[in-house]
>>> print(open('coords20.txt').read())   # compact mmCIF, C-alpha atoms (C1' of nucleotides)
# COMPACT_ATOMS: atom_id res chain seq x y z
CA MET A 1 0.00 0.00 0.00
CA THR A 2 2.71 2.46 1.00
CA GLU A 3 5.32 1.26 -1.49
CA SER A 4 4.68 1.86 -5.17
CA THR A 5 1.41 0.24 -6.20
CA PRO A 6 1.65 -1.75 -9.44
CA PRO A 7 -0.86 -0.68 -12.09
CA SER A 8 -2.21 -4.20 -12.42
CA ARG A 9 -3.03 -4.26 -8.72
CA ARG A 10 -5.02 -1.09 -9.10
CA GLN A 11 -6.77 -2.50 -12.14
CA LEU A 12 -7.76 -5.60 -10.24
CA VAL A 13 -9.36 -3.56 -7.47
CA ALA A 14 -11.21 -1.28 -9.87
CA GLY A 15 -12.32 -4.21 -12.00
CA ALA A 16 -13.57 -6.09 -8.94
CA ALA A 17 -15.56 -3.04 -7.84
CA ASP A 18 -17.14 -2.80 -11.26
CA MET A 19 -18.05 -6.47 -11.38
CA ILE A 20 -19.44 -6.44 -7.84
CA ARG A 21 -21.70 -3.50 -8.52
CA ARG A 22 -23.13 -5.31 -11.54
CA ARG A 23 -23.34 -8.95 -10.48
CA GLY A 24 -23.00 -8.88 -6.73
CA LEU A 25 -20.24 -10.33 -4.57
CA ASN A 26 -20.82 -14.06 -4.93
CA ALA A 27 -21.16 -13.96 -8.71
CA THR A 28 -17.90 -12.04 -9.03
CA SER A 29 -15.15 -14.56 -9.71
CA ILE A 30 -11.48 -13.92 -9.27
CA ARG A 31 -10.89 -15.68 -12.56
CA GLU A 32 -12.98 -13.23 -14.52
CA VAL A 33 -11.65 -10.19 -12.69
CA ALA A 34 -8.13 -11.31 -13.53
CA LYS A 35 -9.02 -11.99 -17.15
CA HIS A 36 -10.65 -8.58 -17.47
CA ALA A 37 -7.59 -6.90 -16.00
CA GLY A 38 -5.31 -8.85 -18.32
CA THR A 39 -3.38 -10.44 -15.46
CA PRO A 40 -2.90 -14.16 -14.81
CA LEU A 41 -4.93 -15.83 -12.09
CA GLY A 42 -1.88 -16.53 -9.96
CA SER A 43 -0.98 -12.84 -9.78
CA THR A 44 -4.20 -12.14 -7.98
CA TYR A 45 -3.18 -14.30 -5.08
CA HIS A 46 0.24 -12.71 -5.08
CA TYR A 47 -1.26 -9.22 -4.73
CA PHE A 48 -4.09 -10.36 -2.49
CA PRO A 49 -2.96 -13.25 -0.28
CA GLY A 50 -6.31 -13.05 1.49
CA GLY A 51 -7.99 -14.15 -1.72
CA LYS A 52 -11.41 -13.06 -2.78
CA ARG A 53 -12.33 -11.55 0.57
CA GLN A 54 -9.34 -9.23 0.58
CA LEU A 55 -9.91 -8.18 -3.02
CA ALA A 56 -13.58 -7.47 -2.34
CA THR A 57 -12.76 -5.52 0.80
CA GLU A 58 -10.35 -3.28 -1.06
CA ALA A 59 -12.84 -2.87 -3.89
CA VAL A 60 -15.49 -1.64 -1.45
CA ARG A 61 -13.08 0.82 0.14
CA PHE A 62 -11.94 2.00 -3.29
CA ALA A 63 -15.51 2.70 -4.40
CA GLY A 64 -16.32 4.33 -1.07
CA ASP A 65 -13.33 6.65 -1.25
CA THR A 66 -14.10 7.65 -4.82
CA VAL A 67 -17.62 8.70 -3.87
CA ALA A 68 -16.44 10.38 -0.67
CA ARG A 69 -13.91 12.51 -2.52
CA MET A 70 -16.55 13.75 -4.94
CA LEU A 71 -19.04 14.30 -2.15
CA GLY A 72 -16.57 16.28 -0.06
CA LYS A 73 -15.86 18.65 -2.91
CA ARG A 74 -19.50 19.32 -3.65
CA LEU A 75 -20.47 19.70 0.00
CA GLU A 76 -18.31 22.81 0.18
CA ALA A 77 -21.16 24.54 -1.65
CA GLY A 78 -23.67 23.35 0.96
CA PRO A 79 -25.71 20.24 1.79
CA VAL A 80 -28.21 20.59 -1.03
CA ASP A 81 -25.39 20.80 -3.57
CA GLY A 82 -23.89 17.71 -1.99
CA LEU A 83 -27.21 15.93 -2.19
CA ARG A 84 -27.57 16.81 -5.87
CA ALA A 85 -24.08 15.57 -6.61
CA PHE A 86 -24.68 12.32 -4.71
CA LEU A 87 -27.94 11.61 -6.50
CA GLY A 88 -26.50 12.68 -9.83
CA LEU A 89 -23.57 10.31 -9.47
CA TRP A 90 -25.81 7.28 -9.05
CA ARG A 91 -28.13 8.47 -11.77
CA GLU A 92 -25.21 8.68 -14.16
CA ILE A 93 -24.02 5.18 -13.24
CA LEU A 94 -27.49 3.79 -13.89
CA THR A 95 -28.05 5.46 -17.23
CA SER A 96 -24.52 5.01 -18.57
CA THR A 97 -24.69 1.25 -17.96
CA ASP A 98 -28.27 0.80 -19.16
CA PHE A 99 -29.26 -0.01 -15.56
CA HIS A 100 -26.78 -2.85 -15.31
CA ALA A 101 -24.67 -1.34 -12.54
CA GLY A 102 -25.50 -0.15 -9.04
CA CYS A 103 -23.62 0.36 -5.79
CA PRO A 104 -20.96 -2.20 -4.81
CA VAL A 105 -21.22 -1.24 -1.15
CA LEU A 106 -24.89 -2.13 -1.06
CA ALA A 107 -24.17 -5.31 -3.00
CA VAL A 108 -21.78 -6.73 -0.43
CA SER A 109 -24.04 -5.65 2.43
CA ILE A 110 -26.84 -8.02 1.52
CA GLU A 111 -24.87 -11.21 0.88
CA GLU A 112 -24.15 -13.42 3.83
CA ALA A 113 -20.89 -15.34 3.64
CA ALA A 114 -21.28 -18.97 2.60
CA ASP A 115 -19.61 -20.17 5.78
CA GLY A 116 -21.90 -17.92 7.81
CA GLU A 117 -19.08 -16.07 9.51
CA ARG A 118 -18.98 -12.31 9.48
CA HIS A 119 -16.32 -11.20 7.04
CA ALA A 120 -14.20 -8.09 6.71
CA VAL A 121 -16.08 -6.98 3.61
CA LEU A 122 -19.16 -6.20 5.69
CA THR A 123 -17.11 -4.13 8.10
CA ALA A 124 -15.66 -2.14 5.22
CA ALA A 125 -19.16 -1.53 3.85
CA ALA A 126 -20.36 -0.28 7.23
CA GLU A 127 -17.42 2.11 7.41
CA VAL A 128 -18.09 3.45 3.93
CA PHE A 129 -21.74 4.13 4.73
CA ALA A 130 -20.78 5.76 8.02
CA GLY A 131 -18.26 7.96 6.22
CA TRP A 132 -20.82 9.27 3.76
CA GLU A 133 -23.30 9.89 6.56
CA THR A 134 -20.75 11.74 8.65
CA MET A 135 -19.90 14.07 5.79
CA LEU A 136 -23.55 14.84 5.05
CA ALA A 137 -24.48 15.30 8.70
CA GLY A 138 -21.55 17.62 9.27
CA SER A 139 -22.56 19.80 6.37
CA LEU A 140 -26.18 19.89 7.56
CA ARG A 141 -25.09 21.01 11.03
CA GLU A 142 -22.89 23.68 9.49
CA TYR A 143 -25.93 24.99 7.71
CA GLY A 144 -28.11 25.15 10.79
CA ALA A 145 -29.62 21.72 11.28
CA GLY A 146 -30.03 20.49 14.86
CA SER A 147 -28.06 17.59 16.21
CA PRO A 148 -30.40 14.62 16.15
CA GLU A 149 -32.03 15.94 12.97
CA ALA A 150 -28.79 16.20 10.99
CA GLU A 151 -27.78 12.59 11.59
CA GLN A 152 -31.26 11.32 10.81
CA LEU A 153 -31.40 13.28 7.58
CA ALA A 154 -27.96 12.08 6.53
CA THR A 155 -28.96 8.47 7.08
CA LEU A 156 -32.21 9.04 5.22
CA VAL A 157 -30.36 10.46 2.23
CA VAL A 158 -27.96 7.52 1.99
CA ALA A 159 -30.62 4.87 2.63
CA ALA A 160 -33.17 6.33 0.23
CA THR A 161 -30.59 6.79 -2.51
CA GLU A 162 -29.24 3.26 -2.17
CA GLY A 163 -32.73 1.79 -2.15
CA ALA A 164 -33.84 3.90 -5.10
CA VAL A 165 -30.85 2.82 -7.20
CA ALA A 166 -31.83 -0.81 -6.67
CA MET A 167 -35.46 -0.07 -7.57
CA CYS A 168 -34.32 1.74 -10.72
CA ARG A 169 -32.43 -1.36 -11.82
CA ALA A 170 -35.48 -3.56 -11.30
CA GLN A 171 -37.79 -1.38 -13.36
CA ARG A 172 -35.18 -0.06 -15.80
CA SER A 173 -36.13 3.53 -15.15
CA THR A 174 -34.76 6.46 -13.19
CA GLN A 175 -38.22 7.27 -11.86
CA PRO A 176 -37.62 6.00 -8.30
CA LEU A 177 -34.42 8.00 -8.01
CA ASP A 178 -36.04 11.12 -9.44
CA ARG A 179 -38.96 10.87 -7.03
CA VAL A 180 -36.65 10.38 -4.09
CA ALA A 181 -34.57 13.32 -5.29
CA ALA A 182 -37.59 15.63 -5.32
CA GLN A 183 -38.60 14.69 -1.79
CA LEU A 184 -35.10 14.80 -0.32
CA GLU A 185 -34.28 18.13 -1.88
CA SER A 186 -37.44 19.72 -0.54
CA LEU A 187 -36.75 18.19 2.87
CA LEU A 188 -33.19 19.44 3.04
CA THR A 189 -34.13 22.86 1.76
CA THR A 190 -36.67 23.42 4.50
CA THR A 191 -34.34 22.08 7.18
CA ALA A 192 -31.06 23.75 6.37
CA VAL A 193 -30.28 27.21 5.15
CA ASN A 194 -28.69 27.32 1.72
CA MET B 1 -51.06 -23.14 -9.49
CA THR B 2 -54.82 -23.57 -9.73
CA GLU B 3 -54.85 -27.29 -8.94
CA SER B 4 -53.91 -28.40 -5.45
CA THR B 5 -50.40 -27.22 -4.65
CA PRO B 6 -48.20 -29.91 -3.07
CA PRO B 7 -46.74 -28.91 0.30
CA SER B 8 -43.21 -29.62 -0.87
CA ARG B 9 -43.65 -27.16 -3.72
CA ARG B 10 -44.70 -24.50 -1.27
CA GLN B 11 -41.76 -25.34 0.97
CA LEU B 12 -39.35 -24.98 -1.91
CA VAL B 13 -40.63 -21.51 -2.73
CA ALA B 14 -40.57 -20.36 0.89
CA GLY B 15 -37.13 -21.89 1.41
CA ALA B 16 -35.79 -20.20 -1.70
CA ALA B 17 -37.14 -16.85 -0.54
CA ASP B 18 -35.43 -17.30 2.81
CA MET B 19 -32.12 -18.26 1.28
CA ILE B 20 -32.23 -15.42 -1.25
CA ARG B 21 -32.86 -12.81 1.39
CA ARG B 22 -29.82 -14.06 3.32
CA ARG B 23 -27.27 -14.94 0.66
CA GLY B 24 -28.52 -13.25 -2.45
CA LEU B 25 -29.70 -14.82 -5.69
CA ASN B 26 -26.48 -16.18 -7.15
CA ALA B 27 -25.35 -17.81 -3.92
CA THR B 28 -28.67 -19.57 -3.53
CA SER B 29 -28.29 -23.05 -4.98
CA ILE B 30 -31.12 -25.32 -5.99
CA ARG B 31 -29.28 -28.17 -4.32
CA GLU B 32 -29.31 -26.54 -0.94
CA VAL B 33 -32.87 -25.29 -1.24
CA ALA B 34 -33.98 -28.84 -2.02
CA LYS B 35 -31.97 -30.27 0.84
CA HIS B 36 -33.39 -27.72 3.25
CA ALA B 37 -36.93 -28.55 2.11
CA GLY B 38 -36.25 -32.26 2.44
CA THR B 39 -37.01 -32.96 -1.21
CA PRO B 40 -34.71 -34.61 -3.76
CA LEU B 41 -32.97 -32.47 -6.30
CA GLY B 42 -34.91 -34.02 -9.17
CA SER B 43 -38.25 -32.96 -7.69
CA THR B 44 -37.27 -29.35 -8.00
CA TYR B 45 -37.05 -29.60 -11.74
CA HIS B 46 -40.34 -31.45 -11.81
CA TYR B 47 -42.11 -28.65 -9.97
CA PHE B 48 -40.12 -25.89 -11.64
CA PRO B 49 -39.25 -26.88 -15.22
CA GLY B 50 -37.84 -23.38 -15.72
CA GLY B 51 -35.11 -24.23 -13.22
CA LYS B 52 -33.56 -21.72 -10.88
CA ARG B 53 -35.02 -18.68 -12.61
CA GLN B 54 -38.57 -19.92 -12.22
CA LEU B 55 -38.06 -20.85 -8.59
CA ALA B 56 -36.51 -17.48 -7.83
CA THR B 57 -39.30 -15.64 -9.61
CA GLU B 58 -41.96 -17.41 -7.58
CA ALA B 59 -39.98 -16.81 -4.40
CA VAL B 60 -39.91 -13.06 -5.08
CA ARG B 61 -43.64 -12.98 -5.76
CA PHE B 62 -44.29 -15.06 -2.65
CA ALA B 63 -42.34 -12.66 -0.45
CA GLY B 64 -43.94 -9.66 -2.12
CA ASP B 65 -47.45 -10.97 -1.58
CA THR B 66 -46.77 -11.77 2.06
CA VAL B 67 -45.65 -8.22 2.74
CA ALA B 68 -48.47 -6.74 0.67
CA ARG B 69 -51.12 -8.64 2.60
CA MET B 70 -49.79 -7.37 5.91
CA LEU B 71 -49.40 -3.85 4.56
CA GLY B 72 -52.95 -3.79 3.20
CA LYS B 73 -54.39 -4.70 6.57
CA ARG B 74 -52.46 -2.08 8.48
CA LEU B 75 -53.10 0.65 5.92
CA GLU B 76 -56.80 0.49 6.79
CA ALA B 77 -55.86 2.43 9.91
CA GLY B 78 -54.12 5.11 7.85
CA PRO B 79 -50.77 5.70 6.11
CA VAL B 80 -48.75 6.27 9.27
CA ASP B 81 -49.96 2.98 10.70
CA GLY B 82 -49.01 1.31 7.45
CA LEU B 83 -45.59 2.92 7.58
CA ARG B 84 -45.04 1.71 11.13
CA ALA B 85 -46.08 -1.82 10.19
CA PHE B 86 -43.79 -1.81 7.15
CA LEU B 87 -40.79 -0.60 9.12
CA GLY B 88 -41.61 -2.91 12.00
CA LEU B 89 -41.73 -5.93 9.73
CA TRP B 90 -38.21 -5.35 8.43
CA ARG B 91 -36.94 -4.49 11.87
CA GLU B 92 -38.28 -7.79 13.17
CA ILE B 93 -36.65 -9.73 10.31
CA LEU B 94 -33.32 -8.07 11.05
CA THR B 95 -33.33 -8.64 14.79
CA SER B 96 -34.80 -12.15 14.72
CA THR B 97 -32.07 -13.33 12.34
CA ASP B 98 -29.22 -11.48 14.05
CA PHE B 99 -28.96 -9.25 10.95
CA HIS B 100 -28.44 -12.21 8.63
CA ALA B 101 -31.60 -11.72 6.57
CA GLY B 102 -32.87 -8.80 4.53
CA CYS B 103 -35.26 -8.33 1.63
CA PRO B 104 -35.25 -10.92 -1.17
CA VAL B 105 -36.78 -8.44 -3.61
CA LEU B 106 -33.89 -6.04 -3.17
CA ALA B 107 -31.46 -8.95 -3.39
CA VAL B 108 -32.53 -10.04 -6.86
CA SER B 109 -32.71 -6.43 -8.05
CA ILE B 110 -28.99 -5.84 -7.77
CA GLU B 111 -27.64 -9.00 -9.38
CA GLU B 112 -27.22 -9.00 -13.11
CA ALA B 113 -27.75 -12.35 -14.80
CA ALA B 114 -24.56 -14.19 -15.69
CA ASP B 115 -25.54 -14.33 -19.36
CA GLY B 116 -26.34 -10.63 -19.30
CA GLU B 117 -29.90 -11.06 -20.49
CA ARG B 118 -32.75 -9.51 -18.57
CA HIS B 119 -34.57 -12.25 -16.70
CA ALA B 120 -38.09 -12.65 -15.37
CA VAL B 121 -36.92 -12.36 -11.79
CA LEU B 122 -36.16 -8.67 -12.28
CA THR B 123 -39.60 -8.06 -13.73
CA ALA B 124 -41.21 -9.74 -10.74
CA ALA B 125 -39.16 -7.58 -8.40
CA ALA B 126 -40.24 -4.42 -10.21
CA GLU B 127 -43.87 -5.48 -9.92
CA VAL B 128 -43.54 -6.17 -6.20
CA PHE B 129 -42.00 -2.75 -5.56
CA ALA B 130 -44.68 -1.08 -7.67
CA GLY B 131 -47.39 -2.92 -5.74
CA TRP B 132 -46.13 -1.70 -2.38
CA GLU B 133 -45.81 1.85 -3.72
CA THR B 134 -49.32 1.81 -5.14
CA MET B 135 -50.81 0.74 -1.84
CA LEU B 136 -48.95 3.39 0.12
CA ALA B 137 -49.67 6.16 -2.39
CA GLY B 138 -53.37 5.28 -2.45
CA SER B 139 -53.58 5.50 1.32
CA LEU B 140 -51.75 8.82 1.34
CA ARG B 141 -54.15 10.28 -1.20
CA GLU B 142 -57.09 9.02 0.83
CA TYR B 143 -55.73 10.95 3.76
CA GLY B 144 -55.33 14.18 1.89
CA ALA B 145 -51.98 14.06 0.13
CA GLY B 146 -51.76 15.68 -3.30
CA SER B 147 -51.14 13.65 -6.42
CA PRO B 148 -47.49 14.08 -7.28
CA GLU B 149 -46.64 14.24 -3.57
CA ALA B 150 -48.31 10.93 -2.67
CA GLU B 151 -46.39 8.90 -5.26
CA GLN B 152 -43.11 10.57 -4.35
CA LEU B 153 -43.63 9.85 -0.67
CA ALA B 154 -44.58 6.24 -1.32
CA THR B 155 -41.41 5.70 -3.35
CA LEU B 156 -39.36 7.43 -0.69
CA VAL B 157 -40.76 5.14 2.00
CA VAL B 158 -39.98 1.97 0.07
CA ALA B 159 -36.55 3.12 -1.10
CA ALA B 160 -35.44 4.43 2.29
CA THR B 161 -36.63 1.31 4.07
CA GLU B 162 -34.93 -1.04 1.65
CA GLY B 163 -31.71 0.92 1.80
CA ALA B 164 -31.81 1.16 5.58
CA VAL B 165 -32.29 -2.60 5.96
CA ALA B 166 -29.13 -3.18 3.94
CA MET B 167 -27.22 -0.61 6.01
CA CYS B 168 -28.43 -2.28 9.20
CA ARG B 169 -27.00 -5.58 8.03
CA ALA B 170 -23.63 -4.01 7.29
CA GLN B 171 -23.28 -2.39 10.69
CA ARG B 172 -25.22 -5.01 12.66
CA SER B 173 -27.48 -2.42 14.22
CA THR B 174 -31.02 -1.15 13.76
CA GLN B 175 -29.84 2.44 13.98
CA PRO B 176 -30.21 3.26 10.27
CA LEU B 177 -33.74 1.88 10.20
CA ASP B 178 -34.67 3.73 13.40
CA ARG B 179 -33.33 7.01 12.07
CA VAL B 180 -35.17 6.57 8.80
CA ALA B 181 -38.32 5.69 10.74
CA ALA B 182 -38.16 8.91 12.72
CA GLN B 183 -37.77 11.06 9.61
CA LEU B 184 -40.40 9.26 7.55
CA GLU B 185 -42.96 9.30 10.31
CA SER B 186 -42.57 13.01 10.86
CA LEU B 187 -42.75 13.57 7.11
CA LEU B 188 -45.93 11.56 6.65
CA THR B 189 -47.55 13.09 9.70
CA THR B 190 -47.12 16.62 8.41
CA THR B 191 -48.26 15.68 4.92
CA ALA B 192 -51.32 13.53 5.56
CA VAL B 193 -54.04 13.86 8.14
CA ASN B 194 -54.21 10.98 10.58
C1' DG C 1 -44.86 -39.28 -11.32
C1' DT C 2 -40.40 -39.58 -7.98
C1' DC C 3 -36.04 -39.77 -7.18
C1' DT C 4 -30.92 -41.60 -7.90
C1' DA C 5 -26.96 -41.11 -10.36
C1' DT C 6 -24.29 -38.58 -13.31
C1' DA C 7 -22.69 -35.27 -16.97
C1' DC C 8 -20.44 -31.06 -17.51
C1' DG C 9 -18.67 -26.67 -16.38
C1' DA C 10 -16.77 -23.24 -13.26
C1' DA C 11 -15.58 -21.76 -8.78
C1' DG C 12 -11.53 -20.76 -5.01
C1' DA C 13 -7.20 -21.82 -4.00
C1' DT C 14 -2.37 -23.62 -4.36
C1' DA C 15 2.01 -26.06 -5.94
C1' DG C 16 5.70 -25.56 -8.28
C1' DA C 17 7.93 -24.41 -12.86
C1' DC C 18 10.26 -20.35 -14.85
C1' DG D 1 8.63 -12.45 -8.15
C1' DT D 2 5.31 -14.28 -12.15
C1' DC D 3 2.50 -17.18 -14.09
C1' DT D 4 0.89 -22.17 -15.62
C1' DA D 5 -1.22 -26.23 -14.47
C1' DT D 6 -3.92 -28.64 -11.37
C1' DC D 7 -6.61 -30.15 -7.03
C1' DT D 8 -11.01 -30.16 -4.98
C1' DT D 9 -15.58 -28.72 -4.43
C1' DC D 10 -19.82 -27.21 -5.88
C1' DG D 11 -23.00 -25.32 -9.30
C1' DT D 12 -27.11 -26.31 -12.93
C1' DA D 13 -29.26 -29.49 -15.32
C1' DT D 14 -30.72 -34.06 -17.12
C1' DA D 15 -31.14 -39.15 -18.17
C1' DG D 16 -33.17 -42.94 -16.94
C1' DA D 17 -34.24 -46.42 -13.08
C1' DC D 18 -38.24 -47.35 -9.94
>>> encode(input="coords20.txt", output="structure tokens")
Amino acid sequence: MTESTPPSRRQLVAGAADMIRRRGLNATSIREVAKHAGTPLGSTYHYFPGGKRQLATEAVRFAGDTVARMLGKRLEAGPVDGLRAFLGLWREILTSTDFHAGCPVLAVSIEEAADGERHAVLTAAAEVFAGWETMLAGSLREYGAGSPEAEQLATLVVAATEGAVAMCRAQRSTQPLDRVAAQLESLLTTTAVN
Amino acid sequence: MTESTPPSRRQLVAGAADMIRRRGLNATSIREVAKHAGTPLGSTYHYFPGGKRQLATEAVRFAGDTVARMLGKRLEAGPVDGLRAFLGLWREILTSTDFHAGCPVLAVSIEEAADGERHAVLTAAAEVFAGWETMLAGSLREYGAGSPEAEQLATLVVAATEGAVAMCRAQRSTQPLDRVAAQLESLLTTTAVN
DNA sequence: GTCTATACGAAGATAGAC
DNA sequence: GTCTATCTTCGTATAGAC
């Protein structure tokens, strides 16, 4: 991580994130991720000795950080701008993939491990969600929202967006996300000063 | 369907729904569903000639109908009662399974088919979501909500609940669902008369 | 009509050649 | 250090015995 990161390693993580957000965690095979990245299967286990679990964990963190960076930038202009950017990001992912891709963090959250034990991927997903919520809540408080209200609104934004993206995929339409966007924007506008 | 339904057929559908809501669609194997139902593997293909896709489709519809029946009853007492029942149902599923189970409809919505073609399971999921939304929106209109508002609120309720259930599983806590509940209840109370 | 046995492919992971 | 070849297990689906 600290030493120079090989480009193929990075490609494996990004490719895994893309496959997970389309097919889910269990249907994402190391074989296919490696093939897609142009690296041999053995290399994957050299870069990720922890196997599939480690690769998936890093993929979730990678996707989470990418969204968080974008969200942080847009939140500088206020919570409603952040909300619009957040919703717009997922909308773009849906439409640009013809509703084939969603959120990899949600995907890993709803798949129990085969052996039934709680794996590190779930922990990473929880941290990613918490990070997004913390950023949103902080911005809401900055703009005048009260303390229990800000956290509740932040959770509502993340939960509603994640749920809406899944619904959009089922019905091949952005209608759920657009409806959620209208309600959330009006809610945040009346709560915080912009 | 119309003729007498064998109990093992029913068990297979219910078992599939339970496994899907825990592990997701791709990780749910016909073998294990059959074993769990106590029926031989061959019987599954006798009852469901369409194989895994058919079984999964019926499992989604089964789960959707179960929720819809409960929701319909509780909506007779008004939209806020319906909301509480809806949230309470998912909360109970989370806590009674130690956060191992979620919503099977959401689960199938986020997994692309391996062959890339759009399958019947997704269509069933879209219909289930639409059914829940229609019931909620109808109740909201009955209690005084305007026409674009009612549909938007209904979608927000379903999306936020589904997303929150997934977040609860990731962080092994009902906090996301409880926060969403607080916000949705206050939102529906100010919008509709109860 | 029900179920056993099996065909066939693909998964995760590793051993060991280069 | 990198990659090929392989081990083992499990998946869907079916053929054919009772």
>>> closest_residue(input="coords20.txt", among="A:Gly88, A:Pro40, A:Gly138, A:Pro7", to="chain D", atoms="all atoms listed in the file")
A:Pro40
>>> residues_around(input="coords20.txt", residues="DT8 in chain D", least_positions_apart="2", cutoff="10 Å", atoms="all atoms listed in the file", output="ChimeraX atom specification")
/C:12-13 /D:6,10
>>> interface_residues(input="coords20.txt", of="chain D", to="chain A", cutoff="10 Å", atoms="all atoms listed in the file", output="ChimeraX atom specification")
/D:1-4
>>> write_last_selection(input="coords20.txt", atoms="C-alpha atoms (C1' of nucleotides)", output="CSV table (one decimal), in the frame of the given file")
chain,number,residue,atom,x,y,z
D,1,DG,C1',8.6,-12.4,-8.2
D,2,DT,C1',5.3,-14.3,-12.2
D,3,DC,C1',2.5,-17.2,-14.1
D,4,DT,C1',0.9,-22.2,-15.6
>>> interface_residues(input="coords20.txt", of="chain A", to="chain B", cutoff="6 Å", atoms="all atoms listed in the file", output="MDAnalysis selection string")
chainID A and resid 22:24 26:27 109:112 122 126 152 156 159:160 162:164 166 170:171 179:180
>>> closest_atom_pairs(input="coords20.txt", of="chain A", to="chain C", cutoff="9 Å", atoms="all atoms listed in the file", output="CSV")
residue,atom,partner,partner_atom,distance
A:Ser29,CA,C:DA11,C1',7.3
A:Ile30,CA,C:DG12,C1',8.1
A:Arg31,CA,C:DA11,C1',8.6
A:Tyr45,CA,C:DA13,C1',8.6
A:Gly51,CA,C:DA13,C1',8.0
A:Lys52,CA,C:DG12,C1',8.0
>>> residues_near_point(input="coords20.txt", point="(-47.1, -4.9, -1.8)", cutoff="6 Å", atoms="all atoms listed in the file", output="ChimeraX atom specification")
/B:64,67-68,128,131-132
>>> write_last_selection(input="coords20.txt", atoms="C-alpha atoms", output="PDB file, keeping the file's coordinate frame")
ATOM      1  CA  GLY B  64     -43.940  -9.660  -2.120  1.00  0.00           C
ATOM      2  CA  VAL B  67     -45.650  -8.220   2.740  1.00  0.00           C
ATOM      3  CA  ALA B  68     -48.470  -6.740   0.670  1.00  0.00           C
ATOM      4  CA  VAL B 128     -43.540  -6.170  -6.200  1.00  0.00           C
ATOM      5  CA  GLY B 131     -47.390  -2.920  -5.740  1.00  0.00           C
ATOM      6  CA  TRP B 132     -46.130  -1.700  -2.380  1.00  0.00           C
TER       7      TRP B 132
END
>>> atom_distance(input="coords20.txt", atom1="CA of Pro79 in chain B", atom2="CA of Tyr143 in chain B")
7.6 Å
>>> build_atoms(input="coords20.txt", residues="range 176-186 of chain B", atoms="N, CA, C and O atoms", output="PDB file, in the frame of the given file")
ATOM      1  N   PRO B 176     -29.757   2.630  11.519  1.00  0.00           N
ATOM      2  CA  PRO B 176     -30.210   3.260  10.270  1.00  0.00           C
ATOM      3  C   PRO B 176     -31.716   3.184  10.092  1.00  0.00           C
ATOM      4  O   PRO B 176     -32.347   4.184   9.721  1.00  0.00           O
ATOM      5  N   LEU B 177     -32.296   2.017  10.364  1.00  0.00           N
ATOM      6  CA  LEU B 177     -33.740   1.880  10.200  1.00  0.00           C
ATOM      7  C   LEU B 177     -34.486   2.776  11.183  1.00  0.00           C
ATOM      8  O   LEU B 177     -35.511   3.381  10.840  1.00  0.00           O
ATOM      9  N   ASP B 178     -34.001   2.890  12.399  1.00  0.00           N
ATOM     10  CA  ASP B 178     -34.670   3.730  13.400  1.00  0.00           C
ATOM     11  C   ASP B 178     -34.595   5.207  13.023  1.00  0.00           C
ATOM     12  O   ASP B 178     -35.561   5.956  13.204  1.00  0.00           O
ATOM     13  N   ARG B 179     -33.452   5.611  12.505  1.00  0.00           N
ATOM     14  CA  ARG B 179     -33.330   7.010  12.070  1.00  0.00           C
ATOM     15  C   ARG B 179     -34.259   7.301  10.902  1.00  0.00           C
ATOM     16  O   ARG B 179     -34.931   8.344  10.863  1.00  0.00           O
ATOM     17  N   VAL B 180     -34.280   6.402   9.951  1.00  0.00           N
ATOM     18  CA  VAL B 180     -35.170   6.570   8.800  1.00  0.00           C
ATOM     19  C   VAL B 180     -36.621   6.598   9.259  1.00  0.00           C
ATOM     20  O   VAL B 180     -37.437   7.392   8.768  1.00  0.00           O
ATOM     21  N   ALA B 181     -36.946   5.744  10.227  1.00  0.00           N
ATOM     22  CA  ALA B 181     -38.320   5.690  10.740  1.00  0.00           C
ATOM     23  C   ALA B 181     -38.725   7.038  11.321  1.00  0.00           C
ATOM     24  O   ALA B 181     -39.829   7.540  11.059  1.00  0.00           O
ATOM     25  N   ALA B 182     -37.838   7.632  12.096  1.00  0.00           N
ATOM     26  CA  ALA B 182     -38.160   8.910  12.720  1.00  0.00           C
ATOM     27  C   ALA B 182     -38.449   9.974  11.667  1.00  0.00           C
ATOM     28  O   ALA B 182     -39.440  10.714  11.755  1.00  0.00           O
ATOM     29  N   GLN B 183     -37.587  10.047  10.657  1.00  0.00           N
ATOM     30  CA  GLN B 183     -37.770  11.060   9.610  1.00  0.00           C
ATOM     31  C   GLN B 183     -39.017  10.806   8.771  1.00  0.00           C
ATOM     32  O   GLN B 183     -39.777  11.735   8.489  1.00  0.00           O
ATOM     33  N   LEU B 184     -39.241   9.556   8.395  1.00  0.00           N
ATOM     34  CA  LEU B 184     -40.400   9.260   7.550  1.00  0.00           C
ATOM     35  C   LEU B 184     -41.701   9.495   8.295  1.00  0.00           C
ATOM     36  O   LEU B 184     -42.665  10.023   7.734  1.00  0.00           O
ATOM     37  N   GLU B 185     -41.721   9.121   9.551  1.00  0.00           N
ATOM     38  CA  GLU B 185     -42.960   9.300  10.310  1.00  0.00           C
ATOM     39  C   GLU B 185     -43.299  10.783  10.436  1.00  0.00           C
ATOM     40  O   GLU B 185     -44.458  11.181  10.256  1.00  0.00           O
ATOM     41  N   SER B 186     -42.295  11.570  10.726  1.00  0.00           N
ATOM     42  CA  SER B 186     -42.570  13.010  10.860  1.00  0.00           C
ATOM     43  C   SER B 186     -42.987  13.589   9.507  1.00  0.00           C
ATOM     44  O   SER B 186     -43.849  14.453   9.425  1.00  0.00           O
TER      45      SER B 186
END
